[in-house]
>>> print(open('data-v3.tsv').read())   # TSV, C-alpha atoms
chain	number	residue	atom	x	y	z
A	1	GLU	CA	97.38	112.08	76.91
A	2	ASN	CA	97.97	108.34	76.63
A	3	ILE	CA	100.14	106.73	79.30
A	4	ALA	CA	103.16	104.69	78.28
A	5	ILE	CA	102.05	101.07	78.80
A	6	PRO	CA	103.42	98.78	76.07
A	7	LYS	CA	101.36	96.19	74.18
A	8	ARG	CA	103.23	93.26	75.67
A	9	ILE	CA	101.80	93.93	79.18
A	10	THR	CA	98.34	92.47	79.75
A	11	GLN	CA	96.35	94.36	82.39
A	12	GLU	CA	93.94	92.32	84.49
A	13	PHE	CA	91.45	93.76	86.97
A	14	ILE	CA	89.53	92.00	89.73
A	15	ARG	CA	86.55	93.91	91.08
A	16	LEU	CA	85.86	93.46	94.78
A	17	GLN	CA	82.30	93.95	95.95
A	18	SER	CA	83.30	94.06	99.61
A	19	GLU	CA	85.87	96.16	101.48
A	20	SER	CA	86.74	93.23	103.78
A	21	SER	CA	90.50	92.92	104.29
A	22	ILE	CA	90.22	89.14	104.76
A	23	ARG	CA	88.46	88.81	101.37
A	24	ARG	CA	91.22	90.84	99.74
A	25	GLU	CA	93.93	88.67	101.33
A	26	ALA	CA	92.04	85.53	100.29
A	27	THR	CA	91.88	86.78	96.69
A	28	VAL	CA	95.63	87.38	96.59
A	29	LEU	CA	96.27	83.99	98.20
A	30	ALA	CA	94.07	82.29	95.58
A	31	LEU	CA	95.97	84.02	92.76
A	32	LEU	CA	99.38	83.02	94.13
A	33	THR	CA	98.27	79.43	94.76
A	34	ARG	CA	96.32	78.67	91.58
A	35	THR	CA	97.40	81.11	88.81
A	36	PHE	CA	100.63	83.07	89.37
A	37	THR	CA	103.17	80.90	91.14
A	38	LYS	CA	106.65	82.16	90.08
A	39	GLY	CA	108.33	85.51	89.57
A	40	VAL	CA	105.59	87.56	91.21
A	41	LEU	CA	105.85	91.02	92.77
A	42	VAL	CA	102.99	91.94	95.11
A	43	PHE	CA	102.72	95.67	95.82
A	44	ILE	CA	101.06	96.66	99.12
A	45	GLU	CA	100.66	100.23	100.32
A	46	THR	CA	101.84	99.89	103.94
A	47	LYS	CA	104.77	98.11	105.59
A	48	VAL	CA	102.58	96.53	108.30
A	49	LEU	CA	100.24	94.91	105.77
A	50	ALA	CA	103.21	93.78	103.68
A	51	HIS	CA	104.77	92.02	106.69
A	52	ARG	CA	101.46	90.40	107.65
A	53	MET	CA	101.00	89.14	104.07
A	54	ARG	CA	104.49	87.67	104.09
A	55	ILE	CA	103.67	85.74	107.28
A	56	LEU	CA	100.38	84.45	105.83
A	57	LEU	CA	101.98	83.25	102.61
A	58	GLY	CA	104.82	81.63	104.52
A	59	LEU	CA	102.34	79.72	106.72
A	60	CYS	CA	100.57	78.55	103.55
A	61	GLY	CA	103.78	77.00	102.24
A	62	ILE	CA	104.69	79.62	99.61
A	63	SER	CA	108.35	80.65	99.30
A	64	VAL	CA	108.09	84.38	99.88
A	65	GLY	CA	110.25	87.36	100.82
A	66	GLU	CA	109.59	91.00	101.65
A	67	LEU	CA	111.06	94.34	100.71
A	68	HIS	CA	110.13	97.53	102.58
A	69	GLY	CA	111.52	100.30	104.77
A	70	ASN	CA	111.50	98.37	108.05
A	71	LEU	CA	114.27	96.07	106.83
A	72	THR	CA	117.97	96.83	106.95
A	73	GLN	CA	119.92	97.35	103.76
A	74	THR	CA	121.54	93.93	104.17
A	75	GLU	CA	118.16	92.21	104.50
A	76	ARG	CA	116.83	94.00	101.42
A	77	MET	CA	119.79	93.00	99.29
A	78	GLU	CA	119.54	89.38	100.48
A	79	ASN	CA	115.83	89.17	99.60
A	80	LEU	CA	116.43	90.75	96.19
A	81	ALA	CA	119.26	88.31	95.47
A	82	ARG	CA	117.12	85.34	96.51
A	83	PHE	CA	114.22	86.49	94.33
A	84	GLU	CA	116.45	87.17	91.35
A	85	GLY	CA	118.13	83.79	91.78
A	86	GLY	CA	114.78	81.97	91.89
A	87	LYS	CA	115.09	80.80	95.50
A	88	ILE	CA	111.83	82.56	96.38
A	89	ASN	CA	108.86	82.83	94.04
A	90	VAL	CA	106.98	85.81	95.53
A	91	LEU	CA	108.30	89.15	96.78
A	92	ILE	CA	105.98	91.30	98.90
A	93	CYS	CA	107.03	94.94	98.63
A	94	THR	CA	105.94	98.53	98.99
A	95	ASP	CA	106.57	101.36	96.51
A	96	LEU	CA	110.22	101.16	97.55
A	97	ALA	CA	110.62	98.60	94.73
A	98	ALA	CA	108.46	100.48	92.19
A	99	ARG	CA	111.47	102.18	90.56
A	100	GLY	CA	115.07	101.38	89.80
A	101	LEU	CA	114.85	97.56	89.81
A	102	ASP	CA	115.57	95.68	86.61
A	103	PHE	CA	115.27	91.88	86.78
A	104	LEU	CA	112.97	89.20	85.49
A	105	VAL	CA	109.42	89.65	86.81
A	106	LYS	CA	106.61	87.70	85.21
A	107	THR	CA	103.63	89.14	87.09
A	108	VAL	CA	102.84	92.22	89.16
A	109	ILE	CA	99.90	92.12	91.58
A	110	ASN	CA	98.49	95.31	93.08
A	111	PHE	CA	96.88	94.69	96.46
A	112	GLU	CA	94.86	97.83	95.65
A	113	ILE	CA	95.01	99.87	92.47
A	114	PRO	CA	96.83	103.09	93.41
A	115	ASN	CA	95.18	106.50	93.19
A	116	ASP	CA	98.20	108.01	91.46
A	117	LEU	CA	98.45	107.10	87.79
A	118	ALA	CA	102.24	107.51	87.71
A	119	THR	CA	102.61	105.08	90.62
A	120	TYR	CA	100.51	102.51	88.76
A	121	VAL	CA	102.66	102.86	85.63
A	122	HIS	CA	105.91	102.45	87.59
A	123	ARG	CA	104.58	99.41	89.44
A	124	ILE	CA	103.47	97.43	86.40
A	125	GLY	CA	106.60	98.60	84.57
A	126	ARG	CA	108.61	96.07	86.64
A	127	THR	CA	107.27	93.38	84.28
A	128	GLY	CA	107.39	93.16	80.49
A	129	ARG	CA	110.93	94.53	80.26
A	130	ALA	CA	113.50	93.92	77.52
A	131	GLY	CA	110.85	92.81	75.02
A	132	ARG	CA	109.35	90.11	77.25
A	133	LYS	CA	105.64	89.67	77.84
A	134	GLY	CA	104.22	90.42	81.25
A	135	THR	CA	101.00	90.51	83.23
A	136	SER	CA	99.64	92.89	85.83
A	137	CYS	CA	96.68	92.06	88.05
A	138	SER	CA	95.06	94.78	90.17
A	139	LEU	CA	92.40	94.43	92.84
A	140	VAL	CA	89.82	97.20	92.51
A	141	SER	CA	87.41	98.20	95.27
A	142	GLU	CA	84.15	100.04	94.63
A	143	GLY	CA	85.73	103.34	95.64
A	144	ARG	CA	88.41	103.12	92.94
A	145	ARG	CA	86.40	101.94	89.96
A	146	GLN	CA	86.81	105.33	88.29
A	147	GLN	CA	90.58	104.95	88.52
A	148	MET	CA	90.32	101.58	86.73
A	149	LYS	CA	88.21	103.13	83.96
A	150	LYS	CA	90.69	105.98	83.61
A	151	VAL	CA	93.63	103.55	83.26
A	152	ILE	CA	91.80	101.53	80.60
A	153	SER	CA	90.78	104.61	78.61
A	154	LEU	CA	94.28	106.11	78.67
A	155	SER	CA	96.11	102.92	77.61
A	156	PRO	CA	94.44	101.77	74.39
A	157	LYS	CA	97.48	99.80	73.17
A	158	SER	CA	97.69	97.53	76.19
A	159	PRO	CA	95.02	94.80	76.37
A	160	ALA	CA	92.80	95.02	79.49
A	161	VAL	CA	90.66	92.13	80.75
A	162	THR	CA	88.56	91.38	83.81
A	163	ARG	CA	89.40	88.33	85.88
A	164	THR	CA	86.91	86.60	88.14
A	165	ILE	CA	87.59	84.10	90.91
A	166	PRO	CA	84.87	81.59	91.86
A	167	PRO	CA	83.16	82.55	95.14
A	168	ASP	CA	83.66	79.10	96.65
A	169	VAL	CA	87.43	79.41	96.09
A	170	VAL	CA	87.48	82.78	97.85
A	171	GLN	CA	85.42	81.35	100.74
A	172	HIS	CA	87.84	78.44	101.04
A	173	PHE	CA	90.86	80.75	101.42
A	174	MET	CA	88.97	83.09	103.76
A	175	LYS	CA	88.32	80.17	106.10
A	176	LYS	CA	91.97	79.19	105.83
A	177	ILE	CA	93.09	82.70	106.80
A	178	GLU	CA	90.72	82.75	109.78
A	179	ASP	CA	92.19	79.46	110.97
A	180	LEU	CA	95.71	80.91	110.69
A	181	GLU	CA	94.99	84.09	112.68
A	182	ASP	CA	96.28	82.60	115.94
A	183	SER	CA	99.46	81.47	114.21
A	184	VAL	CA	99.98	84.95	112.75
A	185	LYS	CA	99.64	86.52	116.20
A	186	THR	CA	102.10	84.00	117.63
A	187	VAL	CA	104.66	84.82	114.93
A	188	LEU	CA	104.27	88.56	115.46
A	189	GLN	CA	104.66	88.16	119.21
A	190	ALA	CA	107.76	85.99	118.76
A	191	GLU	CA	109.29	88.58	116.44
A	192	TYR	CA	108.60	91.32	118.98
A	193	VAL	CA	110.26	89.30	121.76
A	194	ALA	CA	113.27	88.62	119.53
A	195	LYS	CA	113.54	92.32	118.69
A	196	MET	CA	113.45	93.35	122.35
A	197	ASP	CA	115.99	90.62	123.20
A	198	ALA	CA	118.37	91.92	120.53
A	199	ARG	CA	117.99	95.45	121.88
A	200	ALA	CA	118.70	94.25	125.43
A	201	GLN	CA	121.78	92.37	124.25
A	202	MET	CA	123.03	95.51	122.53
A	203	GLU	CA	122.59	97.58	125.72
A	204	ILE	CA	124.39	94.91	127.78
A	205	GLN	CA	127.29	94.89	125.34
A	206	ARG	CA	127.45	98.67	125.46
A	207	ALA	CA	127.57	98.67	129.28
A	208	GLN	CA	130.32	96.04	129.29
A	209	ASN	CA	132.39	98.11	126.86
A	210	ILE	CA	132.03	101.18	129.06
A	211	LEU	CA	133.14	99.27	132.18
A	212	GLN	CA	136.02	97.58	130.41
A	213	HIS	CA	137.37	100.63	128.59
A	214	SER	CA	136.20	103.39	130.93
A	215	GLU	CA	139.70	104.89	131.38
A	216	ASP	CA	140.29	105.14	127.63
A	217	ILE	CA	136.84	106.59	127.08
A	218	TYR	CA	137.13	109.29	129.73
A	219	ASN	CA	140.72	110.18	128.78
A	220	ARG	CA	139.78	110.98	125.22
A	221	PRO	CA	139.88	114.69	124.36
A	222	LYS	CA	136.55	116.35	124.05
A	223	LYS	CA	135.19	116.77	120.57
A	224	GLU	CA	135.75	120.20	119.10
A	225	TRP	CA	133.94	121.47	116.06
A	226	ILE	CA	135.37	123.79	113.43
A	227	ARG	CA	135.34	126.72	115.88
A	228	THR	CA	136.58	125.90	119.36
A	229	ASN	CA	135.24	127.63	122.44
A	230	LYS	CA	138.35	129.80	122.59
A	231	ASN	CA	137.88	130.89	118.98
A	232	LYS	CA	134.24	131.75	119.70
A	233	VAL	CA	135.24	133.93	122.71
A	234	ASP	CA	137.95	135.71	120.69
A	235	ALA	CA	135.58	136.33	117.80
A	236	ASN	CA	132.92	137.76	120.09
A	237	SER	CA	135.44	140.07	121.81
A	238	ASN	CA	136.81	141.39	118.48
A	239	GLU	CA	133.42	142.09	117.00
A	240	GLU	CA	132.33	145.72	117.02
A	241	PRO	CA	129.20	146.46	119.00
A	242	LYS	CA	126.20	146.79	116.76
A	243	ARG	CA	124.76	150.27	116.41
A	244	LYS	CA	121.38	150.42	118.01
A	245	GLN	CA	118.59	151.77	115.91
A	246	ASP	CA	116.86	154.92	117.09
A	247	PRO	CA	113.73	154.09	119.05
A	248	GLY	CA	110.56	154.25	117.04
A	249	LEU	CA	112.17	154.25	113.58
A	250	HIS	CA	111.01	150.74	112.74
A	251	ARG	CA	107.40	151.87	113.18
A	252	MET	CA	107.70	154.87	110.82
A	253	SER	CA	106.83	155.03	107.18
A	254	ARG	CA	109.60	155.44	104.65
A	255	LYS	CA	108.69	159.07	103.90
A	256	LYS	CA	108.68	160.09	107.55
A	257	ARG	CA	111.94	158.25	108.27
A	258	ARG	CA	113.71	160.00	105.38
A	259	ARG	CA	112.43	163.35	106.57
A	260	MET	CA	113.86	162.75	110.05
A	261	GLU	CA	117.20	161.67	108.58
A	262	ALA	CA	117.33	164.83	106.45
A	263	LYS	CA	116.63	167.01	109.51
A	264	ALA	CA	119.43	165.32	111.41
A	265	TYR	CA	121.80	165.84	108.45
A	266	PHE	CA	121.06	169.58	108.17
A	267	LYS	CA	121.40	170.03	111.91
A	268	ALA	CA	124.81	168.34	111.96
A	269	ALA	CA	125.97	170.40	108.95
A	270	ASN	CA	124.97	173.69	110.62
A	271	GLU	CA	126.79	172.72	113.81
A	272	ASP	CA	129.97	171.94	111.85
A	273	ASN	CA	129.78	175.32	110.05
A	274	ALA	CA	129.34	177.13	113.34
A	275	GLU	CA	132.39	175.45	114.86
A	276	ASN	CA	134.70	175.92	111.85
A	277	ALA	CA	133.67	179.50	111.00
A	278	PRO	CA	136.15	182.33	111.95
A	279	LYS	CA	135.13	184.70	114.70
A	280	SER	CA	133.78	187.84	113.00
A	281	LYS	CA	130.80	190.06	113.06
A	282	GLU	CA	129.32	188.48	109.96
A	283	LYS	CA	128.01	185.02	110.47
A	284	ASN	CA	127.70	182.39	107.81
A	285	ALA	CA	124.18	181.76	106.75
A	286	PRO	CA	123.03	178.34	107.91
A	287	ILE	CA	122.09	175.69	105.39
A	288	ALA	CA	118.41	175.88	104.66
A	289	ASP	CA	116.46	172.95	105.98
A	290	VAL	CA	113.54	172.43	103.64
A	291	PHE	CA	111.94	170.08	106.12
A	292	SER	CA	112.01	172.51	109.09
A	293	ASP	CA	108.83	173.82	110.66
A	294	ASP	CA	109.84	177.46	109.97
A	295	VAL	CA	110.00	176.87	106.23
A	296	LYS	CA	106.60	175.21	106.33
A	297	ALA	CA	105.16	178.18	108.27
A	298	LYS	CA	106.61	180.66	105.76
A	299	LYS	CA	105.12	178.73	102.87
A	300	LYS	CA	101.78	178.70	104.60
A	301	LYS	CA	102.00	182.45	105.30
A	302	SER	CA	102.88	183.20	101.68
A	303	LYS	CA	99.88	181.21	100.53
A	304	THR	CA	97.59	183.17	102.88
A	305	THR	CA	98.93	186.57	101.72
A	306	LYS	CA	98.45	185.59	98.09
A	307	SER	CA	94.83	184.64	98.80
A	308	GLU	CA	94.28	187.91	100.66
A	309	ARG	CA	95.60	189.89	97.67
A	310	SER	CA	93.25	188.09	95.34
A	311	THR	CA	90.25	188.90	97.57
A	312	ASP	CA	91.24	192.63	97.73
A	313	PHE	CA	91.49	192.75	93.95
A	314	GLU	CA	88.04	191.20	93.56
A	315	GLU	CA	86.54	193.76	95.98
A	316	LYS	CA	88.01	196.67	93.98
A	317	VAL	CA	86.66	195.28	90.73
A	318	SER	CA	83.21	194.90	92.22
A	319	THR	CA	83.14	198.54	93.40
A	320	LEU	CA	83.91	199.71	89.91
>>> encode(input="data-v3.tsv", output="structure tokens")
Amino acid sequence: ENIAIPKRITQEFIRLQSESSIRREATVLALLTRTFTKGVLVFIETKVLAHRMRILLGLCGISVGELHGNLTQTERMENLARFEGGKINVLICTDLAARGLDFLVKTVINFEIPNDLATYVHRIGRTGRAGRKGTSCSLVSEGRRQQMKKVISLSPKSPAVTRTIPPDVVQHFMKKIEDLEDSVKTVLQAEYVAKMDARAQMEIQRAQNILQHSEDIYNRPKKEWIRTNKNKVDANSNEEPKRKQDPGLHRMSRKKRRRMEAKAYFKAANEDNAENAPKSKEKNAPIADVFSDDVKAKKKKSKTTKSERSTDFEEKVSTL
């Protein structure tokens, strides 16, 4: 079946001959510097790569924000508001932003074309909304060429083109990224130190609160859930003890278990009749237990006598 990609979205694909991560980052940097400069969503699969890309673009002088699971809700809303208001031109995000967002997006760039077709449709669906035209540009490695062909064959209404970037441009941005590697490491280290400092400050504040309000804290009544300890003890004391199952019953088959239960029933019934019967010479006949060994022996004996009769009859016939 055809996938729902409207005509107004132009799909562009850039084939990468190498799996180098630096070449892929250089390609995205070239696109954001030379071709797509405003209203761009860049989808990256992992949060770590998304954060690294945000640092690289920021060092290159591009107004950029990020949107992924490592941010707080306040930070996400601030970045969305800045992007929607035009204060930042590029928003680096994961699939967190692939659904449910409706604002003006001119271009969607896929850092790697996704394996899932539905994910691809939801990503590029952020652009070309409300009758506007939009563009999607996906980087395709050699291992995902079949996915690109599948997307093109299943979306005949949407125009699909191949974009090429001059090799010297890619080499220029690769060299630029290599020169910025030390700066990226410095930024990451500074962010880690700031994170640990904030955690230490939080622990210090917590310790100060405990020292300052220790009496109030320790005088608070203990938390009790829906059932207090007293209610649990009362409930356990009022509960009837569970009847233990006869040993070995759980290992029996259903037929054998029912036979044993029937034997126990007949035995109990005979005992009740014996107790309630009046004292006389004549005794009540006990209830027949069809499962007893005596009944089985009688049946077996009757079968043997019948067979003996048949053999005697055959002998008499033969003598005649």
>>> residues_around(input="data-v3.tsv", residues="His68 of chain A", least_positions_apart="2", cutoff="12 Å", atoms="only C-alpha atoms", output="PyMOL selection string")
chain A and resi 42-51+54+65-66+70-73+75-77+79-80+91-98
>>> residues_around(input="data-v3.tsv", residues="segment 135-138 of chain A", least_positions_apart="2", cutoff="7 Å", atoms="only C-alpha atoms", output="PyMOL selection string")
chain A and resi 9-14+106-113+124+127+140
>>> residues_around(input="data-v3.tsv", residues="segment 182-191 of chain A", least_positions_apart="5", cutoff="9 Å", atoms="all atoms listed in the file", output="PyMOL selection string")
chain A and resi 52+55-56+59+196
>>> closest_residue(input="data-v3.tsv", among="A:Gly86, A:Gly143, A:Pro166, A:Pro6", to="Asn115 of chain A", atoms="only C-alpha atoms")
A:Gly143
>>> atom_distance(input="data-v3.tsv", atom1="atom CA of Phe103 of chain A", atom2="atom CA of Thr164 of chain A")
28.9 Å
>>> atom_distance(input="data-v3.tsv", atom1="atom CA of Leu32 of chain A", atom2="atom CA of Ser63 of chain A")
10.6 Å
>>> atom_distance(input="data-v3.tsv", atom1="atom CA of Phe173 of chain A", atom2="atom CA of Ala30 of chain A")
6.8 Å
>>> closest_residue(input="data-v3.tsv", among="A:Val151, A:Asn89, A:Arg15, A:Val105", to="Arg126 of chain A", atoms="all atoms listed in the file")
A:Val105
>>> closest_residue(input="data-v3.tsv", among="A:Glu25, A:Asp272, A:Glu19, A:Glu84", to="Lys38 of chain A", atoms="all atoms listed in the file")
A:Glu84
>>> closest_residue(input="data-v3.tsv", among="A:His172, A:Arg24, A:Lys7, A:Arg34", to="Ser141 of chain A", atoms="only C-alpha atoms")
A:Arg24
>>> build_atoms(input="data-v3.tsv", residues="segment 194-205 of chain A", atoms="all heavy atoms", output="PDB file, in the frame of the given file")
ATOM      1  N   ALA A 194     111.914  88.712 120.065  1.00  0.00           N
ATOM      2  CA  ALA A 194     113.270  88.620 119.530  1.00  0.00           C
ATOM      3  C   ALA A 194     113.880  90.008 119.322  1.00  0.00           C
ATOM      4  O   ALA A 194     115.077  90.231 119.578  1.00  0.00           O
ATOM      5  CB  ALA A 194     113.253  87.857 118.213  1.00  0.00           C
ATOM      6  N   LYS A 195     113.056  90.955 118.894  1.00  0.00           N
ATOM      7  CA  LYS A 195     113.540  92.320 118.690  1.00  0.00           C
ATOM      8  C   LYS A 195     113.949  92.957 120.014  1.00  0.00           C
ATOM      9  O   LYS A 195     115.006  93.597 120.116  1.00  0.00           O
ATOM     10  CB  LYS A 195     112.443  93.144 118.013  1.00  0.00           C
ATOM     11  CG  LYS A 195     112.842  94.562 117.687  1.00  0.00           C
ATOM     12  CD  LYS A 195     111.719  95.287 116.971  1.00  0.00           C
ATOM     13  CE  LYS A 195     112.102  96.726 116.651  1.00  0.00           C
ATOM     14  NZ  LYS A 195     110.984  97.442 115.974  1.00  0.00           N
ATOM     15  N   MET A 196     113.124  92.793 121.043  1.00  0.00           N
ATOM     16  CA  MET A 196     113.450  93.350 122.350  1.00  0.00           C
ATOM     17  C   MET A 196     114.676  92.663 122.947  1.00  0.00           C
ATOM     18  O   MET A 196     115.501  93.305 123.612  1.00  0.00           O
ATOM     19  CB  MET A 196     112.252  93.206 123.291  1.00  0.00           C
ATOM     20  CG  MET A 196     111.016  93.969 122.849  1.00  0.00           C
ATOM     21  SD  MET A 196     111.308  95.732 122.602  1.00  0.00           S
ATOM     22  CE  MET A 196     111.696  96.242 124.268  1.00  0.00           C
ATOM     23  N   ASP A 197     114.813  91.346 122.710  1.00  0.00           N
ATOM     24  CA  ASP A 197     115.990  90.620 123.200  1.00  0.00           C
ATOM     25  C   ASP A 197     117.259  91.139 122.537  1.00  0.00           C
ATOM     26  O   ASP A 197     118.295  91.324 123.203  1.00  0.00           O
ATOM     27  CB  ASP A 197     115.797  89.129 122.935  1.00  0.00           C
ATOM     28  CG  ASP A 197     116.945  88.305 123.515  1.00  0.00           C
ATOM     29  OD1 ASP A 197     117.308  88.561 124.688  1.00  0.00           O
ATOM     30  OD2 ASP A 197     117.476  87.427 122.820  1.00  0.00           O
ATOM     31  N   ALA A 198     117.197  91.386 121.217  1.00  0.00           N
ATOM     32  CA  ALA A 198     118.370  91.920 120.530  1.00  0.00           C
ATOM     33  C   ALA A 198     118.728  93.312 121.038  1.00  0.00           C
ATOM     34  O   ALA A 198     119.915  93.644 121.201  1.00  0.00           O
ATOM     35  CB  ALA A 198     118.090  91.965 119.018  1.00  0.00           C
ATOM     36  N   ARG A 199     117.711  94.120 121.344  1.00  0.00           N
ATOM     37  CA  ARG A 199     117.990  95.450 121.880  1.00  0.00           C
ATOM     38  C   ARG A 199     118.622  95.358 123.271  1.00  0.00           C
ATOM     39  O   ARG A 199     119.541  96.120 123.605  1.00  0.00           O
ATOM     40  CB  ARG A 199     116.684  96.251 121.935  1.00  0.00           C
ATOM     41  CG  ARG A 199     116.862  97.695 122.364  1.00  0.00           C
ATOM     42  CD  ARG A 199     115.550  98.448 122.311  1.00  0.00           C
ATOM     43  NE  ARG A 199     115.015  98.507 120.967  1.00  0.00           N
ATOM     44  CZ  ARG A 199     113.851  99.074 120.654  1.00  0.00           C
ATOM     45  NH1 ARG A 199     113.092  99.595 121.621  1.00  0.00           N
ATOM     46  NH2 ARG A 199     113.444  99.104 119.403  1.00  0.00           N
ATOM     47  N   ALA A 200     118.129  94.422 124.100  1.00  0.00           N
ATOM     48  CA  ALA A 200     118.700  94.250 125.430  1.00  0.00           C
ATOM     49  C   ALA A 200     120.147  93.769 125.354  1.00  0.00           C
ATOM     50  O   ALA A 200     121.014  94.232 126.121  1.00  0.00           O
ATOM     51  CB  ALA A 200     117.849  93.264 126.237  1.00  0.00           C
ATOM     52  N   GLN A 201     120.414  92.850 124.436  1.00  0.00           N
ATOM     53  CA  GLN A 201     121.780  92.370 124.250  1.00  0.00           C
ATOM     54  C   GLN A 201     122.712  93.509 123.820  1.00  0.00           C
ATOM     55  O   GLN A 201     123.871  93.589 124.266  1.00  0.00           O
ATOM     56  CB  GLN A 201     121.812  91.251 123.210  1.00  0.00           C
ATOM     57  CG  GLN A 201     121.150  89.964 123.663  1.00  0.00           C
ATOM     58  CD  GLN A 201     121.911  89.276 124.790  1.00  0.00           C
ATOM     59  OE1 GLN A 201     123.121  89.468 124.949  1.00  0.00           O
ATOM     60  NE2 GLN A 201     121.203  88.486 125.585  1.00  0.00           N
ATOM     61  N   MET A 202     122.223  94.383 122.986  1.00  0.00           N
ATOM     62  CA  MET A 202     123.030  95.510 122.530  1.00  0.00           C
ATOM     63  C   MET A 202     123.338  96.464 123.693  1.00  0.00           C
ATOM     64  O   MET A 202     124.470  96.953 123.832  1.00  0.00           O
ATOM     65  CB  MET A 202     122.289  96.267 121.424  1.00  0.00           C
ATOM     66  CG  MET A 202     123.071  97.405 120.800  1.00  0.00           C
ATOM     67  SD  MET A 202     122.177  98.219 119.469  1.00  0.00           S
ATOM     68  CE  MET A 202     120.801  98.927 120.396  1.00  0.00           C
ATOM     69  N   GLU A 203     122.357  96.710 124.571  1.00  0.00           N
ATOM     70  CA  GLU A 203     122.590  97.580 125.720  1.00  0.00           C
ATOM     71  C   GLU A 203     123.565  96.934 126.706  1.00  0.00           C
ATOM     72  O   GLU A 203     124.403  97.628 127.298  1.00  0.00           O
ATOM     73  CB  GLU A 203     121.256  97.878 126.417  1.00  0.00           C
ATOM     74  CG  GLU A 203     120.299  98.734 125.594  1.00  0.00           C
ATOM     75  CD  GLU A 203     120.820 100.127 125.377  1.00  0.00           C
ATOM     76  OE1 GLU A 203     121.607 100.607 126.222  1.00  0.00           O
ATOM     77  OE2 GLU A 203     120.457 100.738 124.349  1.00  0.00           O
ATOM     78  N   ILE A 204     123.455  95.605 126.887  1.00  0.00           N
ATOM     79  CA  ILE A 204     124.390  94.910 127.780  1.00  0.00           C
ATOM     80  C   ILE A 204     125.822  95.004 127.249  1.00  0.00           C
ATOM     81  O   ILE A 204     126.772  95.262 127.996  1.00  0.00           O
ATOM     82  CB  ILE A 204     123.960  93.444 127.963  1.00  0.00           C
ATOM     83  CG1 ILE A 204     122.642  93.371 128.753  1.00  0.00           C
ATOM     84  CG2 ILE A 204     125.041  92.631 128.664  1.00  0.00           C
ATOM     85  CD1 ILE A 204     122.031  91.989 128.800  1.00  0.00           C
ATOM     86  N   GLN A 205     125.961  94.806 125.944  1.00  0.00           N
ATOM     87  CA  GLN A 205     127.290  94.890 125.340  1.00  0.00           C
ATOM     88  C   GLN A 205     127.854  96.302 125.462  1.00  0.00           C
ATOM     89  O   GLN A 205     129.064  96.493 125.720  1.00  0.00           O
ATOM     90  CB  GLN A 205     127.198  94.476 123.862  1.00  0.00           C
ATOM     91  CG  GLN A 205     128.536  94.410 123.143  1.00  0.00           C
ATOM     92  CD  GLN A 205     129.417  93.300 123.699  1.00  0.00           C
ATOM     93  OE1 GLN A 205     128.920  92.261 124.127  1.00  0.00           O
ATOM     94  NE2 GLN A 205     130.731  93.514 123.692  1.00  0.00           N
TER      95      GLN A 205
END
